[in-house]
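Participant: Just passing along the structure, written as structure tokens.
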Amino acid sequence: MEIFSYLWQYIVEVFGLAIAYVFAAIFLFLVLRQFHSKKITAALMIMFIGVSVAFYIPNGTPNALAYPASLTSYGPGEKPDLPFENVFNFFTNFKNFATVDDISRDPNDVPASVVYGKDGMIELNLTTTEVITEIAPGVTMNVWTFDNTIPGPFIRGKIGDTVLLNISNDPTSLHPHNVDFHAVTGPGGGAAATIVAPGETKSMTFKLLSPGLYVYHCAFGNPGLHMTHGMYGLILVEPEGGLPPVDKEFYVMQGEYYTEGALGRKGLQLFDTQAYLDGIPQYVIFNGKTGALTTNMEAEVGDTVRMYVGNGGVNLVSSFHVIGEIFDRVYREGDLVTTPAEGLQTTLVPAGGAVMVEFTVDYPGNYVLVDHALARVDRGAWGVLKVTGEADLEIYNGDIQSGGGH
Ligand SMILES: [Cu+2]
């Protein structure tokens with residue numbers, strides 16, 4: 001049974017606690033018996049059990065077992081928890097869930113130009129899935145995706161284009177899903193017309209009316225709950241005439257995971273509703289998991305690099321920064337109409353928002369992408385742009401050592 005390997009730590013903990021308690025009780029009983037009559041010993045033992053139970057229930061219940069039965073929501077949608085029925089279905093259907101070895105979207109996976117179908121429309125097929133994957137080495141979670149990656153595919157269009165969207169929900173899913181494009185004008189940004197039950201497919205068309213870099217995400221039930229499970233991505237609407245050409249384009253998206261286990265706790269992690277409501281994620285990651293962007297972003301000295309940076313949130317605003325670089329141009333909040341800001345160090349990426357940054361790389365080395373609220377780096381929010389080429393000693397001349405922030 002595969003599931004036992006995921007739950008092994010919980011099982012060991014519960015058995016360990018039970019054994020320790022039983023032995024403590026036996027020891028106490030033997031000691032008390034030395035000094036008191038049977039009646040007094042029995043009374044003291046009952047007291048011991050009563051006090052320990054009263055103490056344990058409010059304080060010692062493992063988080064994973066403290067199911068928030070009284071939870072409510074004052075939002076327009078559903079409560080931000082997984083209904084008990086779905087948790088039960090998850091465990092009873094565990095073997096039906098696909099396991100994905102690498103959930104992260106390749107940051108190089110950006111279409112170079114808009115791809116049109118034969119009818120002149122952009123044809124977009126999205127499949128929503130619920131899968132088991134590692135979000136950090138040895139840390140497993142049930143995540144929900146568009147096309148089995150986090151973030152979902154990068155969608156590229158141009159102002160005036162029409163998109164034909166076909167959205168399918170995999171039959172193994174336990175929840176309905178849909179998609180809200182921030183680039184779409186109309187009810188729910190498409191969400192109202194794309195609700196798909198497991199196994200269902202729906203189609204719609206929408207027109208891209210405004211240029212910009214936009215987030216898309218699932219908005220079914222409790223939208224934040226679906227987003228924090230991994231259901232977000234970016235859609236670019238290029239302005240008239242298109243974006244100026246650059247040498248390298250990268251797709252980076254920040255997200256959060258709320259797990260019952262503390263940071264680094266191995267094994268299958270259940271969703272922590274309380275941490276979600278409090279806005280304290282255990283993991284803050286780029287492209288779906290820790291370490292997703294450490295070996296796959298490369299450029300050469302002289303290249304102009306463009307990064308499409310999104311934030312799936314749900315709770316945090318990202319302070320995006322590249323250590324050792326200055327952004328030549330920042331298209332704040334994904335605004336592709338106004339003249340971009342120039343010469344910025346750190347830029348904000350709102351929850352449910354995006355930014356486009358451009359910079360020319362002038363010197364070889366490793367440039368670390370971070371959310372400059374730096375404790376989040378410990379939670380996973382970093383990546384590396386590796387730049388190769390000739391060193392210009394006029395720009396930077398020193399003895400480069402590892403561990404120096406590069
Ligand atoms: Cu969803």
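Identifiers in this document derive from the order of the structure tokens: chains are assigned A, B, ..., residues are numbered from 1 separately in each chain, and ligands are numbered from 1 in order of occurrence.
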Quick one: residues within 7 Å of region 169-176 of chain A, only C-alpha atoms, excluding same-chain residues fewer than 2 positions away - as an mmCIF file with C-alpha atoms, in the first residue's frame?

Facilitator:
```
data_model
loop_
_atom_site.group_PDB
_atom_site.id
_atom_site.type_symbol
_atom_site.label_atom_id
_atom_site.label_comp_id
_atom_site.auth_asym_id
_atom_site.auth_seq_id
_atom_site.Cartn_x
_atom_site.Cartn_y
_atom_site.Cartn_z
ATOM 1 C CA ASN A 86 -13.394 14.939 -0.346
ATOM 2 C CA ASN A 96 -6.234 6.564 -8.893
ATOM 3 C CA PHE A 97 -4.182 9.748 -8.605
ATOM 4 C CA THR A 127 -6.708 20.136 -18.889
ATOM 5 C CA THR A 128 -7.248 20.468 -15.147
ATOM 6 C CA THR A 129 -5.755 17.686 -13.042
ATOM 7 C CA GLU A 130 -5.269 16.667 -9.410
ATOM 8 C CA ILE A 167 -11.128 23.178 -21.046
ATOM 9 C CA ILE A 195 -17.018 25.198 -14.907
ATOM 10 C CA VAL A 196 -16.105 21.590 -15.700
ATOM 11 C CA ALA A 197 -17.017 18.636 -13.495
ATOM 12 C CA PRO A 198 -14.577 15.704 -13.462
ATOM 13 C CA GLY A 199 -14.554 14.166 -16.952
ATOM 14 C CA GLU A 200 -16.361 17.134 -18.523
ATOM 15 C CA THR A 201 -15.201 19.448 -21.375
ATOM 16 C CA PHE A 220 -14.247 27.486 -8.630
#
```

Participant: How close does each residue of chain A get to ligand 1, giving the shortest atom pair and distance in Å to one decimal for every residue with an atom at most 8 Å away, counting only C-alpha atoms and all ligand atoms, sorted by chain and residue number, as CSV?

Facilitator:
```
residue,atom,partner,partner_atom_place_in_ligand_line,distance
A:Thr128,CA,ligand 1,1 (Cu),7.5
A:Trp144,CA,ligand 1,1 (Cu),7.0
A:Thr145,CA,ligand 1,1 (Cu),7.9
A:His175,CA,ligand 1,1 (Cu),6.9
A:Pro176,CA,ligand 1,1 (Cu),6.2
A:His177,CA,ligand 1,1 (Cu),3.7
A:Asn178,CA,ligand 1,1 (Cu),5.9
A:Val179,CA,ligand 1,1 (Cu),7.7
A:His217,CA,ligand 1,1 (Cu),7.9
A:Cys218,CA,ligand 1,1 (Cu),4.5
A:Ala219,CA,ligand 1,1 (Cu),6.2
A:Phe220,CA,ligand 1,1 (Cu),5.3
A:Gly221,CA,ligand 1,1 (Cu),7.7
A:Pro223,CA,ligand 1,1 (Cu),7.1
A:His226,CA,ligand 1,1 (Cu),4.6
A:Met227,CA,ligand 1,1 (Cu),7.2
A:Met231,CA,ligand 1,1 (Cu),6.3
```

Participant: For the residues selected in the previous step, produce a file with N, CA and C atoms as a tab-separated table (two decimals), in the first residue's frame.

Facilitator:
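Wrote out_39.tsv, looks like this:
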```
chain	number	residue	atom	x	y	z
A	128	THR	N	-7.45	20.32	-16.60
A	128	THR	CA	-7.25	20.47	-15.15
A	128	THR	C	-7.05	19.08	-14.54
A	144	TRP	N	-3.15	20.68	-7.57
A	144	TRP	CA	-4.12	20.78	-8.67
A	144	TRP	C	-3.50	21.68	-9.73
A	145	THR	N	-3.66	21.32	-10.99
A	145	THR	CA	-2.90	22.02	-12.04
A	145	THR	C	-3.72	22.30	-13.29
A	175	HIS	N	-12.67	17.44	-7.76
A	175	HIS	CA	-13.36	18.72	-7.68
A	175	HIS	C	-13.66	19.27	-9.08
A	176	PRO	N	-14.73	20.05	-9.22
A	176	PRO	CA	-14.90	20.81	-10.45
A	176	PRO	C	-13.85	21.93	-10.50
A	177	HIS	N	-13.52	22.38	-11.69
A	177	HIS	CA	-12.59	23.50	-11.85
A	177	HIS	C	-13.11	24.42	-12.95
A	178	ASN	N	-12.47	25.59	-13.09
A	178	ASN	CA	-12.78	26.50	-14.20
A	178	ASN	C	-11.58	27.41	-14.39
A	179	VAL	N	-11.72	28.45	-15.20
A	179	VAL	CA	-10.58	29.35	-15.37
A	179	VAL	C	-11.06	30.79	-15.52
A	217	HIS	N	-6.33	31.90	-13.47
A	217	HIS	CA	-6.37	30.97	-12.33
A	217	HIS	C	-7.73	30.29	-12.25
A	218	CYS	N	-7.78	29.22	-11.52
A	218	CYS	CA	-9.06	28.56	-11.27
A	218	CYS	C	-9.82	29.39	-10.25
A	219	ALA	N	-11.14	29.52	-10.45
A	219	ALA	CA	-11.95	30.34	-9.55
A	219	ALA	C	-13.17	29.58	-9.06
A	220	PHE	N	-13.08	28.27	-9.04
A	220	PHE	CA	-14.25	27.49	-8.63
A	220	PHE	C	-14.32	27.37	-7.10
A	221	GLY	N	-15.53	27.33	-6.58
A	221	GLY	CA	-15.75	27.05	-5.14
A	221	GLY	C	-15.14	28.12	-4.28
A	223	PRO	N	-12.00	30.16	-4.60
A	223	PRO	CA	-10.91	30.35	-5.58
A	223	PRO	C	-9.51	30.30	-4.98
A	226	HIS	N	-8.22	26.82	-4.53
A	226	HIS	CA	-7.78	26.18	-5.78
A	226	HIS	C	-6.44	26.77	-6.25
A	227	MET	N	-6.28	28.09	-6.04
A	227	MET	CA	-5.03	28.72	-6.47
A	227	MET	C	-3.84	28.22	-5.66
A	231	MET	N	-3.25	26.16	-9.14
A	231	MET	CA	-3.99	26.45	-10.38
A	231	MET	C	-3.86	27.91	-10.80
```

Participant: Can you list, as number ranges by chain, every protein, DNA or RNA residue that comes within 10 Å of Asn166 (chain A) when you count only C-alpha atoms, leaving out same-chain residues fewer than 2 positions away?

Facilitator: A: 123-127, 163-164, 168, 194, 201-205

Participant: His372 (chain A): which residues within 10 Å, counting only C-alpha atoms, same-chain residues fewer than 4 positions away excluded, as a list in words?

Facilitator: Ser318, Ser319, Phe320, His321, Val322, Ile323, Thr346, Thr347, Leu348, Arg376, Val377, Ala381 and Trp382 of chain A

Participant: Just write the chosen residues, N, CA and C atoms, as a PDB file, in the first residue's frame.

Facilitator:
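And here is the file that came out, part10.pdb:
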```pdb
ATOM      1  N   SER A 318       4.894  39.836  -3.672  1.00  0.00           N
ATOM      2  CA  SER A 318       6.306  39.514  -3.874  1.00  0.00           C
ATOM      3  C   SER A 318       7.125  40.780  -4.131  1.00  0.00           C
ATOM      4  N   SER A 319       8.314  40.817  -3.524  1.00  0.00           N
ATOM      5  CA  SER A 319       9.258  41.914  -3.779  1.00  0.00           C
ATOM      6  C   SER A 319      10.355  41.344  -4.665  1.00  0.00           C
ATOM      7  N   PHE A 320      10.100  41.338  -5.959  1.00  0.00           N
ATOM      8  CA  PHE A 320      10.974  40.609  -6.885  1.00  0.00           C
ATOM      9  C   PHE A 320      12.268  41.380  -7.144  1.00  0.00           C
ATOM     10  N   HIS A 321      13.380  40.641  -7.041  1.00  0.00           N
ATOM     11  CA  HIS A 321      14.704  41.244  -7.172  1.00  0.00           C
ATOM     12  C   HIS A 321      15.651  40.209  -7.775  1.00  0.00           C
ATOM     13  N   VAL A 322      16.595  40.680  -8.585  1.00  0.00           N
ATOM     14  CA  VAL A 322      17.648  39.792  -9.087  1.00  0.00           C
ATOM     15  C   VAL A 322      18.965  40.291  -8.504  1.00  0.00           C
ATOM     16  N   ILE A 323      19.583  39.466  -7.674  1.00  0.00           N
ATOM     17  CA  ILE A 323      20.791  39.890  -6.957  1.00  0.00           C
ATOM     18  C   ILE A 323      21.937  40.102  -7.949  1.00  0.00           C
ATOM     19  N   THR A 346      14.165  46.574  -7.070  1.00  0.00           N
ATOM     20  CA  THR A 346      13.194  45.591  -6.588  1.00  0.00           C
ATOM     21  C   THR A 346      11.832  46.081  -7.018  1.00  0.00           C
ATOM     22  N   THR A 347      10.993  45.179  -7.507  1.00  0.00           N
ATOM     23  CA  THR A 347       9.668  45.606  -7.938  1.00  0.00           C
ATOM     24  C   THR A 347       8.608  44.709  -7.318  1.00  0.00           C
ATOM     25  N   LEU A 348       7.423  45.258  -7.149  1.00  0.00           N
ATOM     26  CA  LEU A 348       6.353  44.513  -6.492  1.00  0.00           C
ATOM     27  C   LEU A 348       5.561  43.699  -7.502  1.00  0.00           C
ATOM     28  N   ARG A 376      11.589  34.385   2.957  1.00  0.00           N
ATOM     29  CA  ARG A 376      10.880  33.515   2.008  1.00  0.00           C
ATOM     30  C   ARG A 376      11.853  32.707   1.149  1.00  0.00           C
ATOM     31  N   VAL A 377      13.100  33.177   1.062  1.00  0.00           N
ATOM     32  CA  VAL A 377      14.120  32.398   0.349  1.00  0.00           C
ATOM     33  C   VAL A 377      14.318  31.058   1.061  1.00  0.00           C
ATOM     34  N   ALA A 381      11.718  30.519  -2.134  1.00  0.00           N
ATOM     35  CA  ALA A 381      11.501  31.523  -3.179  1.00  0.00           C
ATOM     36  C   ALA A 381      12.803  32.070  -3.756  1.00  0.00           C
ATOM     37  N   TRP A 382      13.468  31.244  -4.559  1.00  0.00           N
ATOM     38  CA  TRP A 382      14.663  31.733  -5.252  1.00  0.00           C
ATOM     39  C   TRP A 382      14.948  30.861  -6.481  1.00  0.00           C
TER      40      TRP A 382
END
```

Participant: So that I can see what lies close to Arg306 (chain A), please list as a list in words the residues with an atom at most 6 Å from it, counting only C-alpha atoms and leaving out residues fewer than 2 positions away in the same chain.

Facilitator: Glu249, Val357 and Glu358 of chain A

Participant: Please list as number ranges by chain every residue within 8 Å of Val184 (chain A), counting only C-alpha atoms and excluding residues in the same chain fewer than 2 positions away.

Facilitator: A: 180-182, 186, 189-190, 206-209

Participant: So which residues of region 10-239 of chain A fall under helix (DSSP H, G or I) by DSSP, listed as a ChimeraX atom specification?

Facilitator: /A:10-35,38-59,63-65,84-92,94-96,187-193,223-228

Participant: Got a sec: who's within 12 Å of Tyr367 (chain A), counting only C-alpha atoms, leaving out chain neighbours fewer than 5 positions off, as a list in words?

Facilitator: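 Listing them by chain and then by number gives Leu293, Thr294, Thr295, Met297, Glu298, Ala299, His321, Val322, Ile323, Gly324, Glu325, Ile326, Val361, Asp362, Trp382, Gly383, Val384, Leu385, Lys386, Val387, Thr388, Gly404, Gly405 and His406 of chain A.
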
Participant: Interatomic distance between CA of Tyr258 (chain A) and CA of Val14 (chain A)?

Facilitator: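 CA of Tyr258 (chain A) sits 22.1 Å away from CA of Val14 (chain A).
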
Participant: Just the strand (DSSP E or B) stuff from region 83-234 of chain A, please, per backbone DSSP, written as a PyMOL selection string.

Facilitator: chain A and resi 99-100+104+122-136+139-146+149-150+155-158+162-169+177+180-181+196+201-207+212-217+232-234

Participant: Between A:Thr304, A:Asn311, A:Gln254, A:Thr133, which is the closest to Gln269 (chain A) once you count only C-alpha atoms?

Facilitator: A:Thr133

Participant: Restricting the calculation to only C-alpha atoms, which member of A:Ile11, A:Ala375, A:Val131, A:Leu336 is positioned closest to Lys158 (chain A)?

Facilitator: A:Leu336

Participant: From the options A:Leu270, A:Tyr257, A:Tyr216, A:Gly117, which residue's atoms come nearest to Gly188 (chain A), counting only C-alpha atoms?

Facilitator: A:Tyr216

Participant: Point out the residue among A:Leu32, A:Ala192, A:Ala54, A:Val301 with the least atom-to-atom distance to Ala391 (chain A), counting only C-alpha atoms.

Facilitator: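 For Ala391 (chain A), the nearest of the given residues is A:Val301.
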